[in-house]
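K.L.:
Sending over a structure as structure tokens; questions will come in a sec.
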Amino acid sequence: MLAAARTSADRSYIGHLRWKFLTWCADSDIPEVRQLATTIDRWWAEIEAFIHTGHSNAESEGINRVIKLVARAAHGFRNPTNQRLRTRCVTTRRARGHLRTA
């Protein structure tokens, strides 16, 4: 379904892909697959928005994850300014540049 985001597929085609996926999950005897279908169904509005726009908040979520990791590693710093500076340095574009692939 997510591959359809790059093809400018229409809503009926995406709906068909969703139906096929949910049917496949419902026919499965694996509880985790059925739970996946429930999760996909619950988040469908957000997934559909990504498919139609091609935009997500993945980059900001990644930055938030890095900030939390740095804050956890800096736990115990006595100077909050140093902790903020360390977080800022790690999340700058130059520091994150090696993480980008394109």
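Residues are referred to by chain and number: the chain letter is A, B, ... according to the order shown in the structure tokens, the number counts from 1 in that chain, and ligands are numbered separately from 1 in the order shown.
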Tell me, as a list in words, which residues lie within 9 Å of stretch 48-54 of chain A, counting only C-alpha atoms; anything in the same chain fewer than 5 positions away does not count.

P.N.:
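My reading of the contact set: Met1, Leu2, Ala3, Ala4, Ala5, Arg6, Ser8, Ala9, Asp10, Arg11, Ile14 and Trp43 of chain A.
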
K.L.:
Excluding stretch 66-71 of chain A and residues on its chain fewer than 3 positions from it, collect all residues at most 9 Å away from it, counting only C-alpha atoms, and give them as a list of chain:residue names.

P.N.:
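Skipping anything fewer than 3 positions along the chain leaves A:Glu61, A:Gly62, A:Ile63, A:Ala74, A:His75, A:Gln83, A:Arg84, A:Arg86, A:Thr87, A:Arg88, A:Val90, A:Thr91.
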
K.L.:
Could you pull out the helix (DSSP H, G or I) residues of chain A from DSSP and send them as a ChimeraX atom specification?

P.N.:
/A:2-6,11-27,31-42,44-53,58-73,80-90,93-99

K.L.:
Tell me which protein, DNA and RNA residues are within 9 Å of stretch 16-24 of chain A, counting only C-alpha atoms, leaving out same-chain ones fewer than 3 positions away, and put them as a ChimeraX atom specification.

P.N.:
/A:1,11-13,27-28,34,37-38,40-41

K.L.:
Calculate how many Å separate atom CA of A:Ser60 from atom CA of A:Asn82, rounding to one decimal.

P.N.:
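Straight-line distance from atom CA of A:Ser60 to atom CA of A:Asn82 works out to 22.5 Å.
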
K.L.:
Atom CA of A:Val33 and atom CA of A:Arg65, how far apart in Å?

P.N.:
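Distance between the two atoms: 27.0 Å.
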